[in-house]
Amino acid sequence: MSRYINPFTDWGFKRLFGQEFSKDLLISFLNDLLMGELHVDNVTFRDKEQLAPTRDQRGIIYDVYCEADNGKRFIVEMQNKWQPNFLDRSICYACRSILEQVDKSKKEKEDAYKFLPVYTVCFMNYNPKTEGLDKFRTDIILADKDTMERASDKLRFIYLVLPLFKKKEDECESDFEKWIYVLKHMEALSRMPFTAQKEIFKKLEEYADSHRLNKKEWEAYENSLWIARDNMACMAAAEREAREKGMKEGREEGLRQGMAQGMAQGMAQGMAQGMDDAKKSNAKRFLAMGLSPEQVSEGTQLPLDEVLKLLQ
């Protein structure tokens with residue numbers, strides 16, 4: 001059994017970042033993530049389930065949804081496997097949080113659409129090849145296309161592609177990099193690094209220690225672990241099936257192309273041979289008529305040495 005829980009199971013992620021008793025971890029992570037940009041002293045967890053405004057629409061459930069003491073709202077999502085249009089889904093989640101803030105009862109019309117910024121942070125524990133994210137961290141803001149100056153601070157998206165984080169323990173410089181290193185490798189660690197450098201990692205070690213789970217917590221974690229393993233197995237099987245299908249289709253297409261190319265080459269060679277035979281036949285006839293080899297070569301476009309061979 002691993003000493004530390006897998007933080008990217010549904011239960012493990014919410015234990016570390018979505019519980020009142022462990023919210024110091026979330027606060028510290030957000031401050032390190034946005035170092036030099038803002039500082040959070042406290043957070044209040046909001047209802048993670050947002051019901052749809054009408055019956056014909058779908059509700060949404062956030063992994064972690066909270067409001068900081070400065071009023072800014074944070075959506076923290078964890079995605080273990082590829083999902084079509086995941087970036088679009090994260091935008092939808094952020095927009096729902098904004099719509100939730102619109103107060104239609106305000107008498108002052110100018111305040112009807114006054115809302116607080118929404119930050120969406122997405123851990124992506126897979127390589128999103130189709131999403132256009134080709135680096136570990138991608139920050140998206142609302143900015144002017146030409147000047148790149150921020151136009152509004154109301155929407156912010158941060159995507160963290162964990163497979164693209166390659167730093168080793170001794171290469172981590174910032175506290176944010178230390179967070180990512182620990183989270184990415186936590187399940188395989190035998191000791192918690194950085195505890196002497198940053199106090200919060202001692203708390204992380206305590207909350208992530210699998211030996212400290214009571215029976216109920218362990219059962220919930222183990223169930224979440226099985227679900228994660230099943231999802232990974234299904235994803236691996238789907239990838240293998242797609243790869244084998246692609247290889248089969250590639251072989252068949254290669255065979256078709258090879259046959260077509262062979263036929264085309266054969267026809268071309270046959271036509272060339274036929275034209276060459278026709279030239280030689282004409283050359284023999286012209287020679288029999290008494291024309292000189294030079295005249296025959298010029299008339300049939302056969303090389304002179306080929307014409308001379310016909311005289312032998």
# chains A, B, ... in the order shown; residues from 1 in each chain; ligands from 1

call {"tool": "closest_atom_pairs", "arguments": {"of": "region 162-201 of chain A", "to": "region 115-139 of chain A", "cutoff": "10 Å", "atoms": "only C-alpha atoms", "output": "Markdown table"}}
result
| residue | atom | partner | partner_atom | distance |
| --- | --- | --- | --- | --- |
| A:Leu162 | CA | A:Asn125 | CA | 5.3 |
| A:Pro163 | CA | A:Tyr126 | CA | 6.1 |
| A:Leu164 | CA | A:Phe136 | CA | 4.8 |
| A:Phe165 | CA | A:Phe136 | CA | 5.6 |
| A:Lys166 | CA | A:Phe136 | CA | 8.8 |
| A:Ile180 | CA | A:Phe123 | CA | 9.9 |
| A:Lys184 | CA | A:Asn125 | CA | 8.6 |

call {"tool": "write_last_selection", "arguments": {"atoms": "N, CA and C atoms", "output": "mmCIF file, in the first residue's frame"}}
result
data_model
loop_
_atom_site.group_PDB
_atom_site.id
_atom_site.type_symbol
_atom_site.label_atom_id
_atom_site.label_comp_id
_atom_site.auth_asym_id
_atom_site.auth_seq_id
_atom_site.Cartn_x
_atom_site.Cartn_y
_atom_site.Cartn_z
ATOM 1 N N LEU A 162 -0.179 18.044 -16.323
ATOM 2 C CA LEU A 162 0.805 17.401 -15.456
ATOM 3 C C LEU A 162 1.847 16.560 -16.200
ATOM 4 N N PRO A 163 1.494 15.791 -17.240
ATOM 5 C CA PRO A 163 2.529 15.010 -17.936
ATOM 6 C C PRO A 163 3.634 15.871 -18.539
ATOM 7 N N LEU A 164 3.371 17.163 -18.747
ATOM 8 C CA LEU A 164 4.373 18.047 -19.353
ATOM 9 C C LEU A 164 5.242 18.738 -18.308
ATOM 10 N N PHE A 165 5.006 18.440 -17.021
ATOM 11 C CA PHE A 165 5.882 18.965 -15.972
ATOM 12 C C PHE A 165 6.995 17.943 -15.763
ATOM 13 N N LYS A 166 8.221 18.301 -16.123
ATOM 14 C CA LYS A 166 9.322 17.343 -16.163
ATOM 15 C C LYS A 166 10.364 17.560 -15.069
ATOM 16 N N ILE A 180 3.471 21.189 -7.497
ATOM 17 C CA ILE A 180 3.197 20.331 -8.650
ATOM 18 C C ILE A 180 4.010 19.051 -8.567
ATOM 19 N N LYS A 184 2.135 15.452 -8.363
ATOM 20 C CA LYS A 184 2.330 14.535 -9.486
ATOM 21 C C LYS A 184 2.915 13.204 -9.029
#

call {"tool": "closest_residue", "arguments": {"among": "A:Tyr221, A:Asp32, A:Leu291, A:Phe157", "to": "Glu173 (chain A)", "atoms": "only C-alpha atoms"}}
result
A:Asp32

call {"tool": "atom_distance", "arguments": {"atom1": "CA of Leu311 (chain A)", "atom2": "CA of Ala283 (chain A)"}}
result
10.1 Å

call {"tool": "residues_around", "arguments": {"residues": "Phe45 (chain A)", "least_positions_apart": "4", "cutoff": "12 Å", "atoms": "only C-alpha atoms", "output": "list in words"}}
result
Lys14, Phe17, Gly18, Gln19, Glu20, Phe21, Ser22, Lys23, Leu26, Ile27, Glu49, Tyr62, Asp63, Val64, Tyr65, Cys66, Glu67, Ala68, Asp69, Arg73, Phe74, Ile75 and Val76 of chain A

call {"tool": "write_last_selection", "arguments": {"atoms": "N, CA and C atoms", "output": "CSV table (one decimal), in the first residue's frame"}}
result
chain,number,residue,atom,x,y,z
A,14,LYS,N,-10.6,15.8,-3.4
A,14,LYS,CA,-11.5,16.6,-2.6
A,14,LYS,C,-11.1,16.6,-1.1
A,17,PHE,N,-8.2,19.3,-1.1
A,17,PHE,CA,-8.5,20.7,-1.6
A,17,PHE,C,-10.0,21.1,-1.4
A,18,GLY,N,-10.9,20.2,-1.0
A,18,GLY,CA,-12.3,20.5,-1.0
A,18,GLY,C,-13.0,20.4,0.4
A,19,GLN,N,-12.2,20.3,1.5
A,19,GLN,CA,-12.7,20.1,2.8
A,19,GLN,C,-12.4,21.2,3.7
A,20,GLU,N,-13.3,21.5,4.7
A,20,GLU,CA,-13.1,22.6,5.6
A,20,GLU,C,-11.8,22.4,6.4
A,21,PHE,N,-11.5,21.2,6.9
A,21,PHE,CA,-10.4,20.9,7.7
A,21,PHE,C,-9.1,21.1,7.0
A,22,SER,N,-9.1,20.9,5.7
A,22,SER,CA,-7.8,21.0,4.9
A,22,SER,C,-7.7,22.2,4.0
A,23,LYS,N,-8.6,23.2,4.2
A,23,LYS,CA,-8.6,24.3,3.3
A,23,LYS,C,-7.4,25.2,3.3
A,26,LEU,N,-5.5,24.4,0.2
A,26,LEU,CA,-6.1,25.1,-1.0
A,26,LEU,C,-5.6,26.5,-1.0
A,27,ILE,N,-5.7,27.2,0.1
A,27,ILE,CA,-5.3,28.6,0.2
A,27,ILE,C,-3.8,28.8,-0.1
A,49,GLU,N,-22.8,22.0,-6.4
A,49,GLU,CA,-23.8,21.6,-7.4
A,49,GLU,C,-24.6,22.8,-7.8
A,62,TYR,N,-19.2,21.1,-9.6
A,62,TYR,CA,-17.8,21.4,-9.6
A,62,TYR,C,-17.0,20.5,-8.7
A,63,ASP,N,-15.7,20.3,-9.0
A,63,ASP,CA,-14.9,19.5,-8.0
A,63,ASP,C,-14.7,20.3,-6.8
A,64,VAL,N,-14.2,21.5,-6.9
A,64,VAL,CA,-14.1,22.5,-5.8
A,64,VAL,C,-14.5,23.8,-6.3
A,65,TYR,N,-15.4,24.5,-5.4
A,65,TYR,CA,-15.9,25.8,-5.8
A,65,TYR,C,-15.9,26.6,-4.5
A,66,CYS,N,-15.2,27.7,-4.5
A,66,CYS,CA,-15.1,28.5,-3.3
A,66,CYS,C,-15.0,30.0,-3.6
A,67,GLU,N,-15.2,30.8,-2.6
A,67,GLU,CA,-15.1,32.2,-2.7
A,67,GLU,C,-14.1,32.7,-1.7
A,68,ALA,N,-13.1,33.5,-2.2
A,68,ALA,CA,-12.1,34.0,-1.3
A,68,ALA,C,-12.6,35.2,-0.5
A,69,ASP,N,-11.8,35.6,0.5
A,69,ASP,CA,-12.2,36.7,1.3
A,69,ASP,C,-12.2,38.0,0.5
A,73,ARG,N,-13.9,34.3,-7.0
A,73,ARG,CA,-14.4,33.0,-6.9
A,73,ARG,C,-13.4,32.0,-7.6
A,74,PHE,N,-13.3,30.9,-7.1
A,74,PHE,CA,-12.3,29.9,-7.7
A,74,PHE,C,-13.0,28.6,-8.0
A,75,ILE,N,-12.9,28.1,-9.2
A,75,ILE,CA,-13.3,26.8,-9.6
A,75,ILE,C,-12.0,26.0,-9.8
A,76,VAL,N,-11.9,24.9,-9.1
A,76,VAL,CA,-10.7,24.0,-9.2
A,76,VAL,C,-11.2,22.6,-9.7

call {"tool": "closest_atom_pairs", "arguments": {"of": "region 124-239 of chain A", "to": "region 6-12 of chain A", "cutoff": "7 Å", "atoms": "only C-alpha atoms", "output": "tab-separated table"}}
result
residue	atom	partner	partner_atom	distance
A:Leu183	CA	A:Pro7	CA	6.5
A:Met186	CA	A:Asn6	CA	6.6
A:Glu187	CA	A:Asn6	CA	5.0
A:Tyr221	CA	A:Trp11	CA	5.8
A:Ser224	CA	A:Trp11	CA	5.9
A:Leu225	CA	A:Thr9	CA	6.0
A:Ala228	CA	A:Thr9	CA	6.1

call {"tool": "select_by_dssp", "arguments": {"residues": "region 1-208 of chain A", "states": "strand (DSSP E or B)", "output": "PyMOL selection string"}}
result
chain A and resi 4+43-45+49-50+60-61+64-68+73-79+118-124+137-143+150-161

call {"tool": "write_last_selection", "arguments": {"atoms": "C-alpha atoms", "output": "mmCIF file, in the first residue's frame"}}
result
data_model
loop_
_atom_site.group_PDB
_atom_site.id
_atom_site.type_symbol
_atom_site.label_atom_id
_atom_site.label_comp_id
_atom_site.auth_asym_id
_atom_site.auth_seq_id
_atom_site.Cartn_x
_atom_site.Cartn_y
_atom_site.Cartn_z
ATOM 1 C CA TYR A 4 0.335 8.658 0.529
ATOM 2 C CA VAL A 43 -11.938 30.808 1.481
ATOM 3 C CA THR A 44 -15.561 29.823 1.925
ATOM 4 C CA PHE A 45 -16.737 26.716 0.131
ATOM 5 C CA GLU A 49 -23.817 21.606 -7.419
ATOM 6 C CA GLN A 50 -25.344 24.297 -9.591
ATOM 7 C CA ILE A 60 -23.207 21.142 -13.252
ATOM 8 C CA ILE A 61 -21.119 19.834 -10.360
ATOM 9 C CA VAL A 64 -14.055 22.462 -5.802
ATOM 10 C CA TYR A 65 -15.937 25.768 -5.774
ATOM 11 C CA CYS A 66 -15.084 28.486 -3.284
ATOM 12 C CA GLU A 67 -15.097 32.214 -2.682
ATOM 13 C CA ALA A 68 -12.066 34.014 -1.285
ATOM 14 C CA ARG A 73 -14.368 32.962 -6.910
ATOM 15 C CA PHE A 74 -12.326 29.892 -7.675
ATOM 16 C CA ILE A 75 -13.308 26.771 -9.564
ATOM 17 C CA VAL A 76 -10.709 24.008 -9.246
ATOM 18 C CA GLU A 77 -11.201 21.032 -11.536
ATOM 19 C CA MET A 78 -9.328 17.737 -11.813
ATOM 20 C CA GLN A 79 -9.510 15.755 -15.066
ATOM 21 C CA VAL A 118 -13.976 33.964 -11.575
ATOM 22 C CA TYR A 119 -10.745 31.961 -11.694
ATOM 23 C CA THR A 120 -10.861 28.476 -13.206
ATOM 24 C CA VAL A 121 -7.913 26.193 -12.416
ATOM 25 C CA CYS A 122 -7.782 22.845 -14.209
ATOM 26 C CA PHE A 123 -5.448 19.975 -13.378
ATOM 27 C CA MET A 124 -5.161 17.811 -16.495
ATOM 28 C CA ARG A 137 0.978 25.806 -17.782
ATOM 29 C CA THR A 138 -1.300 27.881 -19.972
ATOM 30 C CA ASP A 139 -2.830 31.110 -18.634
ATOM 31 C CA ILE A 140 -5.755 32.590 -20.537
ATOM 32 C CA ILE A 141 -7.092 36.101 -19.940
ATOM 33 C CA LEU A 142 -9.459 38.510 -21.677
ATOM 34 C CA ALA A 143 -7.095 40.804 -23.555
ATOM 35 C CA ARG A 150 -5.944 42.950 -20.312
ATOM 36 C CA ALA A 151 -9.436 44.136 -21.131
ATOM 37 C CA SER A 152 -11.164 42.608 -18.089
ATOM 38 C CA ASP A 153 -10.193 40.659 -14.980
ATOM 39 C CA LYS A 154 -13.558 38.912 -14.700
ATOM 40 C CA LEU A 155 -12.481 35.648 -16.346
ATOM 41 C CA ARG A 156 -9.197 33.796 -15.889
ATOM 42 C CA PHE A 157 -8.328 30.241 -16.902
ATOM 43 C CA ILE A 158 -5.233 28.305 -15.849
ATOM 44 C CA TYR A 159 -4.609 24.867 -17.352
ATOM 45 C CA LEU A 160 -1.956 22.636 -15.770
ATOM 46 C CA VAL A 161 -0.958 19.655 -17.960
#
